[in-house]
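Okay, entry_36.txt is below, compact mmCIF, C-alpha atoms and all ligand atoms:
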# COMPACT_ATOMS: atom_id res chain seq x y z
CA MET A 1 -56.48 39.68 -16.16
CA ASN A 2 -53.15 41.38 -15.89
CA ARG A 3 -52.65 44.46 -18.06
CA ASN A 4 -48.93 44.90 -17.57
CA PRO A 5 -47.24 43.51 -20.73
CA ASP A 6 -44.20 42.43 -18.67
CA CYS A 7 -46.42 40.33 -16.46
CA GLU A 8 -48.06 38.66 -19.45
CA VAL A 9 -44.70 37.66 -20.90
CA VAL A 10 -43.48 36.45 -17.53
CA GLN A 11 -46.61 34.40 -16.97
CA ASP A 12 -46.05 32.65 -20.31
CA LEU A 13 -42.49 31.97 -19.27
CA ILE A 14 -43.56 30.65 -15.86
CA ALA A 15 -45.28 27.72 -17.57
CA VAL A 16 -42.07 26.98 -19.50
CA CYS A 17 -40.01 27.23 -16.29
CA ALA A 18 -42.35 24.84 -14.49
CA SER A 19 -41.97 22.32 -17.34
CA GLY A 20 -38.21 22.42 -16.71
CA LYS A 21 -37.49 23.31 -20.34
CA ALA A 22 -36.79 27.03 -19.92
CA SER A 23 -33.41 28.44 -20.87
CA ARG A 24 -31.23 29.99 -18.19
CA ALA A 25 -32.01 33.42 -19.63
CA SER A 26 -35.76 32.82 -19.23
CA VAL A 27 -35.32 31.58 -15.66
CA ARG A 28 -33.26 34.68 -14.89
CA LEU A 29 -35.87 36.97 -16.43
CA VAL A 30 -38.66 35.32 -14.42
CA ALA A 31 -36.48 35.49 -11.32
CA GLU A 32 -35.88 39.22 -11.69
CA HIS A 33 -39.56 39.86 -12.24
CA VAL A 34 -41.09 37.71 -9.48
CA ARG A 35 -38.77 39.26 -6.93
CA ALA A 36 -40.58 42.56 -7.43
CA CYS A 37 -44.06 41.46 -8.53
CA PRO A 38 -46.14 39.71 -5.85
CA ASP A 39 -48.86 38.71 -8.30
CA CYS A 40 -46.47 36.85 -10.62
CA ARG A 41 -44.66 35.47 -7.60
CA ARG A 42 -47.95 33.87 -6.45
CA ARG A 43 -48.56 32.36 -9.87
CA TYR A 44 -45.00 31.14 -9.98
CA GLU A 45 -45.30 29.42 -6.58
CA ALA A 46 -48.55 27.79 -7.74
CA ALA A 47 -46.88 26.54 -10.93
CA LEU A 48 -43.99 25.07 -8.94
CA HIS A 49 -46.35 23.13 -6.72
CA GLY A 50 -46.57 20.12 -9.04
CA LEU A 51 -42.80 19.72 -9.48
CA PRO A 52 -40.65 17.14 -7.68
CA SER A 53 -39.20 18.66 -4.50
CA TRP A 54 -35.59 18.89 -5.72
CA LYS A 55 -36.60 20.74 -8.90
CA ARG A 56 -38.81 23.05 -6.89
CA ALA A 57 -36.03 23.79 -4.41
CA ARG A 58 -33.61 24.57 -7.23
CA LEU A 59 -35.98 26.92 -9.06
CA ARG A 60 -36.98 28.55 -5.81
CA ALA A 61 -33.34 29.13 -4.93
CA GLU A 62 -32.73 30.69 -8.35
CA THR A 63 -35.71 33.00 -8.15
CA GLY A 64 -35.88 33.65 -4.40
CA PRO A 65 -34.36 36.65 -2.65
CA ARG A 66 -30.60 36.68 -3.10
CA ASP A 67 -28.77 35.53 -0.03
CA PRO A 68 -25.27 37.03 0.04
CA SER A 69 -24.60 35.54 3.49
CA ARG A 70 -24.49 32.07 1.89
CA ARG A 71 -21.55 33.02 -0.33
CA TYR A 72 -19.88 34.98 2.43
CA MET A 73 -20.16 32.05 4.80
CA ARG A 74 -18.65 29.64 2.25
CA TRP A 75 -15.58 31.80 1.79
CA SER A 76 -15.08 32.49 5.49
CA ILE A 77 -15.27 28.77 6.33
CA LEU A 78 -12.73 27.98 3.59
CA ALA A 79 -10.41 30.82 4.60
CA LEU A 80 -10.46 29.93 8.29
CA GLY A 81 -9.78 26.26 7.53
CA ALA A 82 -6.93 27.09 5.17
CA LEU A 83 -5.44 29.54 7.68
CA SER A 84 -5.47 27.08 10.59
CA SER A 85 -3.97 24.32 8.42
CA LEU A 86 -1.27 26.69 7.20
CA LEU A 87 -0.48 27.77 10.76
CA CYS A 88 -0.09 24.15 11.89
CA MET A 89 2.13 23.38 8.90
CA VAL A 90 4.40 26.34 9.65
CA VAL A 91 4.74 25.32 13.31
CA ASN A 92 5.29 21.69 12.31
CA TYR A 93 8.02 22.65 9.84
CA ALA A 94 9.69 25.03 12.31
CA VAL A 95 9.91 22.28 14.94
CA ASP A 96 10.68 19.18 12.84
CA LEU A 97 12.13 20.75 9.65
CA ARG A 98 9.61 18.68 7.70
CA LEU A 99 5.85 18.17 7.55
CA SER A 100 4.53 15.28 9.62
CA TRP A 101 1.63 15.62 12.09
CA SER A 102 0.31 18.75 10.39
CA TRP A 103 -0.98 16.51 7.57
CA ILE A 104 -3.35 15.03 10.15
CA VAL A 105 -4.57 18.53 11.06
CA PHE A 106 -4.98 19.33 7.37
CA GLY A 107 -6.99 16.14 6.81
CA ALA A 108 -9.16 16.84 9.85
CA MET A 109 -9.86 20.38 8.61
CA LEU A 110 -10.79 19.02 5.20
CA SER A 111 -13.10 16.33 6.56
CA SER A 112 -14.92 18.79 8.81
CA ILE A 113 -15.07 21.79 6.46
CA LEU A 114 -16.12 20.08 3.22
CA PRO A 115 -19.26 18.46 4.72
CA VAL A 116 -20.26 21.87 6.16
CA LEU A 117 -19.78 23.43 2.71
CA VAL A 118 -21.85 20.67 1.12
CA TYR A 119 -24.56 21.30 3.73
CA THR A 120 -24.65 25.05 3.10
CA GLN A 121 -24.55 24.71 -0.71
CA ALA A 122 -27.04 21.88 -1.23
CA TYR A 123 -30.68 22.72 -1.91
CA THR A 124 -32.24 19.40 -0.94
CA ASN A 125 -31.30 16.43 1.25
CA ARG A 126 -28.57 18.58 2.77
CA PHE A 127 -27.94 16.38 5.77
CA ILE A 128 -27.62 13.18 3.73
CA LYS A 129 -25.26 14.82 1.23
CA ALA A 130 -23.11 16.28 4.03
CA LEU A 131 -23.01 12.93 5.80
CA GLY A 132 -22.04 11.21 2.54
CA CYS A 133 -19.19 13.64 2.09
CA PHE A 134 -18.09 13.12 5.70
CA SER A 135 -18.22 9.32 5.37
CA VAL A 136 -15.79 9.33 2.44
CA LEU A 137 -13.48 11.88 4.06
CA ALA A 138 -13.44 10.06 7.42
CA VAL A 139 -11.99 6.95 5.77
CA PHE A 140 -9.54 9.15 3.85
CA GLN A 141 -8.51 10.79 7.14
CA LEU A 142 -7.77 7.38 8.70
CA GLY A 143 -5.47 6.72 5.75
CA VAL A 144 -3.70 10.03 6.34
CA ILE A 145 -3.13 9.20 10.03
CA GLN A 146 -1.76 5.80 9.13
CA ALA A 147 0.57 7.25 6.49
CA VAL A 148 1.89 9.90 8.90
CA LEU A 149 2.52 7.34 11.66
CA LEU A 150 4.38 5.08 9.22
CA ASP A 151 6.39 8.08 8.06
CA MET A 152 7.23 8.95 11.69
CA GLY A 153 8.70 5.47 12.19
CA GLN A 154 5.82 3.54 13.70
CA PRO A 155 5.85 0.23 11.85
CA ASP A 156 2.41 -0.96 12.93
CA VAL A 157 -0.13 -1.13 10.07
CA TRP A 158 -3.59 -1.01 11.65
CA LEU A 159 -5.47 0.72 8.82
CA TRP A 160 -6.89 -2.39 7.09
CA ARG A 161 -7.07 -4.57 10.19
CA VAL A 162 -8.79 -2.14 12.58
CA ALA A 163 -9.47 1.42 11.41
CA VAL A 164 -11.31 0.80 8.13
CA PRO A 165 -13.40 -2.16 9.42
CA VAL A 166 -14.43 -0.25 12.59
CA ALA A 167 -15.21 2.91 10.59
CA ALA A 168 -17.25 0.82 8.14
CA VAL A 169 -19.25 -0.76 10.98
CA TRP A 170 -20.20 2.59 12.54
CA LEU A 171 -20.86 4.34 9.26
CA ALA A 172 -23.12 1.41 8.34
CA VAL A 173 -24.96 1.80 11.68
CA VAL A 174 -25.63 5.50 11.06
CA TRP A 175 -26.48 5.11 7.37
CA MET A 176 -28.85 2.18 7.94
CA GLY A 177 -30.76 4.23 10.53
CA ILE A 178 -30.99 7.31 8.32
CA VAL A 179 -31.86 5.49 5.09
CA THR A 180 -34.53 3.37 6.81
CA ALA A 181 -36.06 6.47 8.42
CA LYS A 182 -35.98 8.35 5.12
CA LEU A 183 -37.50 5.52 3.05
CA ARG A 184 -40.23 4.78 5.59
CA ARG A 185 -40.76 8.49 6.35
CA LEU A 186 -40.17 8.00 10.07
CA ASN A 187 -39.65 10.91 12.42
CA GLY A 188 -36.26 11.83 13.90
CA PHE A 189 -36.85 9.99 17.19
CA PHE A 190 -37.49 6.72 15.35
CA CYS A 191 -34.34 7.33 13.32
CA ILE A 192 -32.34 7.75 16.54
CA ALA A 193 -34.01 4.64 18.00
CA ILE A 194 -32.97 2.54 14.97
CA ILE A 195 -29.40 3.81 15.21
CA LEU A 196 -29.28 3.06 18.96
CA PHE A 197 -30.60 -0.48 18.41
CA LEU A 198 -27.99 -1.00 15.69
CA CYS A 199 -25.28 0.18 18.12
CA LEU A 200 -25.69 -3.20 19.82
CA PRO A 201 -24.39 -5.32 16.88
CA GLY A 202 -22.02 -2.42 16.06
CA ASP A 203 -20.46 -2.64 19.51
CA VAL A 204 -20.10 -6.44 19.29
CA ALA A 205 -18.53 -6.14 15.81
CA THR A 206 -16.08 -3.51 17.09
CA GLY A 207 -15.13 -5.82 19.98
CA ALA A 208 -14.60 -8.70 17.53
CA ILE A 209 -12.38 -6.59 15.26
CA ALA A 210 -10.34 -5.40 18.25
CA ALA A 211 -10.03 -8.95 19.60
CA ALA A 212 -8.84 -10.21 16.21
CA TYR A 213 -6.25 -7.41 16.07
CA THR A 214 -4.86 -7.88 19.59
CA GLY A 215 -5.26 -11.66 19.54
CA GLY A 216 -7.49 -11.54 22.62
CA THR A 217 -10.93 -13.06 23.12
CA LEU A 218 -14.20 -11.31 22.35
CA ALA A 219 -15.89 -9.99 25.49
CA ILE A 220 -19.41 -8.70 25.12
CA ARG A 221 -19.84 -5.48 27.08
CA TRP A 222 -23.17 -6.07 28.75
CA PHE A 223 -23.33 -2.66 30.39
CA ASN A 224 -23.04 -0.95 26.97
CA ALA A 225 -25.63 -3.33 25.55
CA VAL A 226 -28.16 -2.46 28.28
CA CYS A 227 -27.50 1.28 27.79
CA TYR A 228 -28.12 1.03 24.02
CA VAL A 229 -31.36 -0.87 24.47
CA VAL A 230 -32.68 1.45 27.21
CA ALA A 231 -31.79 4.56 25.17
CA ALA A 232 -33.34 3.02 22.04
CA ILE A 233 -36.59 2.22 23.87
CA ALA A 234 -36.68 5.78 25.26
CA ALA A 235 -36.24 7.20 21.72
CA LEU A 236 -38.93 4.83 20.46
CA VAL A 237 -41.36 6.06 23.13
CA MET A 238 -40.54 9.68 22.24
CA GLY A 239 -41.17 8.84 18.58
CA VAL A 240 -44.58 7.33 19.36
CA LEU A 241 -45.53 10.32 21.54
CA PHE A 242 -44.41 12.69 18.75
CA GLU A 243 -46.57 10.83 16.22
CA MET A 244 -49.58 10.93 18.55
CA ARG A 245 -49.19 14.64 19.16
CA SER A 246 -48.69 15.61 15.53
CA GLY A 247 -51.70 13.53 14.49
CA ARG A 248 -49.91 12.23 11.38
CA PRO A 249 -51.76 14.02 8.55
CA GLN A 250 -50.45 11.71 5.80
ZN ZN B 301 -45.82 40.51 -12.76

Translate this file's structure into structure tokens.
Ligand SMILES: [Zn+2]
Amino acid sequence: MNRNPDCEVVQDLIAVCASGKASRASVRLVAEHVRACPDCRRRYEAALHGLPSWKRARLRAETGPRDPSRRYMRWSILALGALSSLLCMVVNYAVDLRLSWSWIVFGAMLSSILPVLVYTQAYTNRFIKALGCFSVLAVFQLGVIQAVLLDMGQPDVWLWRVAVPVAAVWLAVVWMGIVTAKLRRLNGFFCIAIILFLCLPGDVATGAIAAAYTGGTLAIRWFNAVCYVVAAIAALVMGVLFEMRSGRPQ
């Protein structure tokens, strides 16, 4: 039994924290204490064990050792992105006396920096959240490119006829692979194999969209098709070997 009165209070609070009903002040108090007290830290970890993974990750992040590099990294990424965008805008304005192509740079910065920020800030499912953020921003970026080209006097509107459909096809390919792998708890090689197999219909769909846009006929690129299938089978074999080696405990 623990004689330290602080520890006794904290151990009562740990149960409340694990139930998810603790106030922020209680969580903070437990956090301060378990950072310095290995015994309470052990009890705390044991209490967290039964929680769903996202709740556990959040509580662990609140009570774990403080990581100043996380904050520092967020601000440096933002500052560098803002600085490069600003630089491009200044050059753009100096040359053209108005902003045109630098909007594309700004959009590209945004769609690469925000997913990285999401990845560094998220506690769970970081990759999926970052990819979700990127998917939305990628379509937004296509809109920016189209708007800038229209503004620069190019009359062709390809956004709805080509860019968005093609982006949707390839985002669907990637998302279907990742969601299937996640739901069925498949390893990364199987995930890559699914995506590679889906590249086959993705490639045909892209060809069809391009043919409809240019008014040409749809030609199936057999060389690409063979490459996708061979690469997919290779990934599948790697996945099977990985499963055999790891022995699949669950
Ligand atoms: Zn303690």

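Minimum distance to Val10 in chain A across A:Cys40, A:Leu110, A:Leu51, A:Ala210 (counting all atoms listed in the file) occurs at A:Cys40.
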
Under the rule of at most 12 Å, produce a per-residue listing of chain A near ligand ZN 301 (chain B): chain, number, name, the closest pair of atoms, and the distance in Å, as JSON lines, using only C-alpha atoms and all ligand atoms.
{"residue": "A:Met1", "atom": "CA", "partner": "B:ZN301", "partner_atom": "ZN", "distance": 11.2}
{"residue": "A:Asn2", "atom": "CA", "partner": "B:ZN301", "partner_atom": "ZN", "distance": 8.0}
{"residue": "A:Arg3", "atom": "CA", "partner": "B:ZN301", "partner_atom": "ZN", "distance": 9.5}
{"residue": "A:Asn4", "atom": "CA", "partner": "B:ZN301", "partner_atom": "ZN", "distance": 7.2}
{"residue": "A:Pro5", "atom": "CA", "partner": "B:ZN301", "partner_atom": "ZN", "distance": 8.6}
{"residue": "A:Asp6", "atom": "CA", "partner": "B:ZN301", "partner_atom": "ZN", "distance": 6.4}
{"residue": "A:Cys7", "atom": "CA", "partner": "B:ZN301", "partner_atom": "ZN", "distance": 3.8}
{"residue": "A:Glu8", "atom": "CA", "partner": "B:ZN301", "partner_atom": "ZN", "distance": 7.3}
{"residue": "A:Val9", "atom": "CA", "partner": "B:ZN301", "partner_atom": "ZN", "distance": 8.7}
{"residue": "A:Val10", "atom": "CA", "partner": "B:ZN301", "partner_atom": "ZN", "distance": 6.7}
{"residue": "A:Gln11", "atom": "CA", "partner": "B:ZN301", "partner_atom": "ZN", "distance": 7.5}
{"residue": "A:Asp12", "atom": "CA", "partner": "B:ZN301", "partner_atom": "ZN", "distance": 10.9}
{"residue": "A:Leu13", "atom": "CA", "partner": "B:ZN301", "partner_atom": "ZN", "distance": 11.2}
{"residue": "A:Ile14", "atom": "CA", "partner": "B:ZN301", "partner_atom": "ZN", "distance": 10.6}
{"residue": "A:Leu29", "atom": "CA", "partner": "B:ZN301", "partner_atom": "ZN", "distance": 11.2}
{"residue": "A:Val30", "atom": "CA", "partner": "B:ZN301", "partner_atom": "ZN", "distance": 9.0}
{"residue": "A:Ala31", "atom": "CA", "partner": "B:ZN301", "partner_atom": "ZN", "distance": 10.7}
{"residue": "A:Glu32", "atom": "CA", "partner": "B:ZN301", "partner_atom": "ZN", "distance": 10.1}
{"residue": "A:His33", "atom": "CA", "partner": "B:ZN301", "partner_atom": "ZN", "distance": 6.3}
{"residue": "A:Val34", "atom": "CA", "partner": "B:ZN301", "partner_atom": "ZN", "distance": 6.4}
{"residue": "A:Arg35", "atom": "CA", "partner": "B:ZN301", "partner_atom": "ZN", "distance": 9.2}
{"residue": "A:Ala36", "atom": "CA", "partner": "B:ZN301", "partner_atom": "ZN", "distance": 7.8}
{"residue": "A:Cys37", "atom": "CA", "partner": "B:ZN301", "partner_atom": "ZN", "distance": 4.7}
{"residue": "A:Pro38", "atom": "CA", "partner": "B:ZN301", "partner_atom": "ZN", "distance": 7.0}
{"residue": "A:Asp39", "atom": "CA", "partner": "B:ZN301", "partner_atom": "ZN", "distance": 5.7}
{"residue": "A:Cys40", "atom": "CA", "partner": "B:ZN301", "partner_atom": "ZN", "distance": 4.3}
{"residue": "A:Arg41", "atom": "CA", "partner": "B:ZN301", "partner_atom": "ZN", "distance": 7.3}
{"residue": "A:Arg42", "atom": "CA", "partner": "B:ZN301", "partner_atom": "ZN", "distance": 9.4}
{"residue": "A:Arg43", "atom": "CA", "partner": "B:ZN301", "partner_atom": "ZN", "distance": 9.1}
{"residue": "A:Tyr44", "atom": "CA", "partner": "B:ZN301", "partner_atom": "ZN", "distance": 9.8}

- Task: Excluding Gly202 in chain A and residues on its chain fewer than 3 positions from it, collect all residues at most 9 Å away from it, counting all atoms listed in the file, and give them as a list of chain:residue names.
- Result: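 Once the nearby chain positions are removed, what remains is A:Val166, A:Val169, A:Trp170, A:Ala172, A:Val173, A:Leu198, A:Cys199, A:Ala205, A:Thr206, A:Gly207.
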
- Name the closest residue to Glu45 in chain A among the candidates A:Ala57, A:Leu99, A:Ala193, A:Ile77; distances are taken between atoms, counting all atoms listed in the file.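 Closest to Glu45 in chain A, using all atoms listed in the file: A:Ala57.
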
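With all atoms listed in the file as the atoms that count, the residue of A:Val16, A:Leu196, A:Ala138, A:Ala25 with the shortest distance to Ala225 in chain A is A:Leu196.
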
- Query: Got a sec: who's within 12 Å of Leu186 in chain A, counting all atoms listed in the file, leaving out chain neighbours fewer than 6 positions off, as a PyMOL selection string?
  - Reply: chain A and resi 177-180+192-194+236+239-240+242-243+248+250

Can you write just those residues out, C-alpha atoms, as an mmCIF file, in the coordinates of the input?
data_model
loop_
_atom_site.group_PDB
_atom_site.id
_atom_site.type_symbol
_atom_site.label_atom_id
_atom_site.label_comp_id
_atom_site.auth_asym_id
_atom_site.auth_seq_id
_atom_site.Cartn_x
_atom_site.Cartn_y
_atom_site.Cartn_z
ATOM 1 C CA GLY A 177 -30.760 4.230 10.530
ATOM 2 C CA ILE A 178 -30.990 7.310 8.320
ATOM 3 C CA VAL A 179 -31.860 5.490 5.090
ATOM 4 C CA THR A 180 -34.530 3.370 6.810
ATOM 5 C CA ILE A 192 -32.340 7.750 16.540
ATOM 6 C CA ALA A 193 -34.010 4.640 18.000
ATOM 7 C CA ILE A 194 -32.970 2.540 14.970
ATOM 8 C CA LEU A 236 -38.930 4.830 20.460
ATOM 9 C CA GLY A 239 -41.170 8.840 18.580
ATOM 10 C CA VAL A 240 -44.580 7.330 19.360
ATOM 11 C CA PHE A 242 -44.410 12.690 18.750
ATOM 12 C CA GLU A 243 -46.570 10.830 16.220
ATOM 13 C CA ARG A 248 -49.910 12.230 11.380
ATOM 14 C CA GLN A 250 -50.450 11.710 5.800
#

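Taking CA of Cys133 in chain A and CA of Met152 in chain A as the two end points, the separation is 28.5 Å.
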
- Item | Residue nearest Asn92 in chain A - candidates A:Ala219, A:Ala46, A:Val105, A:Leu114, atoms counted: all atoms listed in the file | A:Val105

- Item | Atomic distance CA of Leu200 in chain A - CA of Asn125 in chain A, expressed in Å with one decimal | 27.6 Å

- Message: Between A:Gly132, A:Gly20, A:Pro201, A:Gly107, which residue has the minimum interatomic distance to Leu171 in chain A, considering all atoms listed in the file?
- Response: A:Gly132

- Query: Using all atoms listed in the file, which of the listed residues (A:Val27, A:Asn187, A:Tyr123, A:Asp203) sits closest to Phe223 in chain A?
  - Reply: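 Under the stated criterion, the closest residue is A:Asp203.
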
Save range 168-249 of chain A from what I just supplied, as a PDB file, in the first residue's frame, atoms limited to C-alpha atoms.
ATOM      1  CA  ALA A 168     -11.470  11.485 -58.103  1.00  0.00           C
ATOM      2  CA  VAL A 169     -10.474   8.236 -59.841  1.00  0.00           C
ATOM      3  CA  TRP A 170      -6.974   8.176 -58.315  1.00  0.00           C
ATOM      4  CA  LEU A 171      -8.057   9.321 -54.879  1.00  0.00           C
ATOM      5  CA  ALA A 172     -10.676   6.552 -54.965  1.00  0.00           C
ATOM      6  CA  VAL A 173      -7.959   4.020 -55.893  1.00  0.00           C
ATOM      7  CA  VAL A 174      -5.776   5.038 -52.937  1.00  0.00           C
ATOM      8  CA  TRP A 175      -8.647   5.348 -50.453  1.00  0.00           C
ATOM      9  CA  MET A 176     -10.201   2.000 -51.409  1.00  0.00           C
ATOM     10  CA  GLY A 177      -6.847   0.284 -50.829  1.00  0.00           C
ATOM     11  CA  ILE A 178      -6.250   1.962 -47.484  1.00  0.00           C
ATOM     12  CA  VAL A 179      -9.790   1.562 -46.139  1.00  0.00           C
ATOM     13  CA  THR A 180      -9.947  -2.110 -47.163  1.00  0.00           C
ATOM     14  CA  ALA A 181      -6.570  -2.786 -45.529  1.00  0.00           C
ATOM     15  CA  LYS A 182      -7.609  -0.941 -42.376  1.00  0.00           C
ATOM     16  CA  LEU A 183     -11.003  -2.657 -42.053  1.00  0.00           C
ATOM     17  CA  ARG A 184      -9.603  -6.128 -42.730  1.00  0.00           C
ATOM     18  CA  ARG A 185      -6.439  -5.424 -40.689  1.00  0.00           C
ATOM     19  CA  LEU A 186      -4.158  -6.308 -43.588  1.00  0.00           C
ATOM     20  CA  ASN A 187      -0.463  -5.523 -43.557  1.00  0.00           C
ATOM     21  CA  GLY A 188       1.100  -2.703 -45.600  1.00  0.00           C
ATOM     22  CA  PHE A 189       2.176  -4.979 -48.467  1.00  0.00           C
ATOM     23  CA  PHE A 190      -1.402  -6.176 -48.985  1.00  0.00           C
ATOM     24  CA  CYS A 191      -2.542  -2.558 -48.915  1.00  0.00           C
ATOM     25  CA  ILE A 192      -0.032  -1.701 -51.661  1.00  0.00           C
ATOM     26  CA  ALA A 193      -1.103  -4.802 -53.620  1.00  0.00           C
ATOM     27  CA  ILE A 194      -4.777  -3.715 -53.526  1.00  0.00           C
ATOM     28  CA  ILE A 195      -3.858  -0.204 -54.671  1.00  0.00           C
ATOM     29  CA  LEU A 196      -1.716  -1.609 -57.521  1.00  0.00           C
ATOM     30  CA  PHE A 197      -4.533  -3.908 -58.671  1.00  0.00           C
ATOM     31  CA  LEU A 198      -6.941  -0.957 -58.584  1.00  0.00           C
ATOM     32  CA  CYS A 199      -4.490   1.053 -60.720  1.00  0.00           C
ATOM     33  CA  LEU A 200      -5.635  -1.136 -63.623  1.00  0.00           C
ATOM     34  CA  PRO A 201      -9.264   0.145 -63.717  1.00  0.00           C
ATOM     35  CA  GLY A 202      -7.906   3.564 -62.630  1.00  0.00           C
ATOM     36  CA  ASP A 203      -5.668   3.718 -65.687  1.00  0.00           C
ATOM     37  CA  VAL A 204      -8.501   2.665 -68.025  1.00  0.00           C
ATOM     38  CA  ALA A 205     -10.832   5.265 -66.462  1.00  0.00           C
ATOM     39  CA  THR A 206      -8.177   7.971 -66.883  1.00  0.00           C
ATOM     40  CA  GLY A 207      -7.773   6.990 -70.549  1.00  0.00           C
ATOM     41  CA  ALA A 208     -11.551   7.148 -71.024  1.00  0.00           C
ATOM     42  CA  ILE A 209     -11.775  10.606 -69.436  1.00  0.00           C
ATOM     43  CA  ALA A 210      -8.893  11.861 -71.592  1.00  0.00           C
ATOM     44  CA  ALA A 211     -10.436  10.349 -74.733  1.00  0.00           C
ATOM     45  CA  ALA A 212     -13.785  12.006 -73.977  1.00  0.00           C
ATOM     46  CA  TYR A 213     -12.023  15.355 -73.481  1.00  0.00           C
ATOM     47  CA  THR A 214      -9.892  15.242 -76.647  1.00  0.00           C
ATOM     48  CA  GLY A 215     -12.565  13.487 -78.704  1.00  0.00           C
ATOM     49  CA  GLY A 216     -10.197  10.594 -79.439  1.00  0.00           C
ATOM     50  CA  THR A 217     -10.770   6.874 -78.965  1.00  0.00           C
ATOM     51  CA  LEU A 218      -9.966   4.952 -75.805  1.00  0.00           C
ATOM     52  CA  ALA A 219      -6.734   2.969 -76.124  1.00  0.00           C
ATOM     53  CA  ILE A 220      -5.952   0.517 -73.367  1.00  0.00           C
ATOM     54  CA  ARG A 221      -2.293   0.729 -72.426  1.00  0.00           C
ATOM     55  CA  TRP A 222      -1.377  -2.922 -72.171  1.00  0.00           C
ATOM     56  CA  PHE A 223       2.184  -2.299 -71.048  1.00  0.00           C
ATOM     57  CA  ASN A 224       0.939  -0.298 -68.032  1.00  0.00           C
ATOM     58  CA  ALA A 225      -1.644  -2.989 -67.307  1.00  0.00           C
ATOM     59  CA  VAL A 226       1.008  -5.735 -67.226  1.00  0.00           C
ATOM     60  CA  CYS A 227       3.255  -3.591 -64.983  1.00  0.00           C
ATOM     61  CA  TYR A 228       0.421  -3.002 -62.472  1.00  0.00           C
ATOM     62  CA  VAL A 229      -0.465  -6.676 -62.297  1.00  0.00           C
ATOM     63  CA  VAL A 230       3.171  -7.833 -61.951  1.00  0.00           C
ATOM     64  CA  ALA A 231       3.861  -5.222 -59.238  1.00  0.00           C
ATOM     65  CA  ALA A 232       0.616  -6.137 -57.450  1.00  0.00           C
ATOM     66  CA  ILE A 233       1.483  -9.851 -57.461  1.00  0.00           C
ATOM     67  CA  ALA A 234       4.970  -9.031 -56.127  1.00  0.00           C
ATOM     68  CA  ALA A 235       3.426  -6.975 -53.286  1.00  0.00           C
ATOM     69  CA  LEU A 236       0.973  -9.790 -52.598  1.00  0.00           C
ATOM     70  CA  VAL A 237       3.835 -12.300 -52.317  1.00  0.00           C
ATOM     71  CA  MET A 238       5.702  -9.932 -49.973  1.00  0.00           C
ATOM     72  CA  GLY A 239       2.527  -9.613 -47.888  1.00  0.00           C
ATOM     73  CA  VAL A 240       2.159 -13.393 -47.599  1.00  0.00           C
ATOM     74  CA  LEU A 241       5.855 -13.788 -46.676  1.00  0.00           C
ATOM     75  CA  PHE A 242       5.478 -11.029 -44.062  1.00  0.00           C
ATOM     76  CA  GLU A 243       2.458 -12.783 -42.538  1.00  0.00           C
ATOM     77  CA  MET A 244       4.310 -16.103 -42.436  1.00  0.00           C
ATOM     78  CA  ARG A 245       7.332 -14.560 -40.766  1.00  0.00           C
ATOM     79  CA  SER A 246       5.400 -12.587 -38.169  1.00  0.00           C
ATOM     80  CA  GLY A 247       3.319 -15.651 -37.283  1.00  0.00           C
ATOM     81  CA  ARG A 248       0.123 -13.587 -37.025  1.00  0.00           C
ATOM     82  CA  PRO A 249      -0.561 -13.592 -33.257  1.00  0.00           C
TER      83      PRO A 249
END
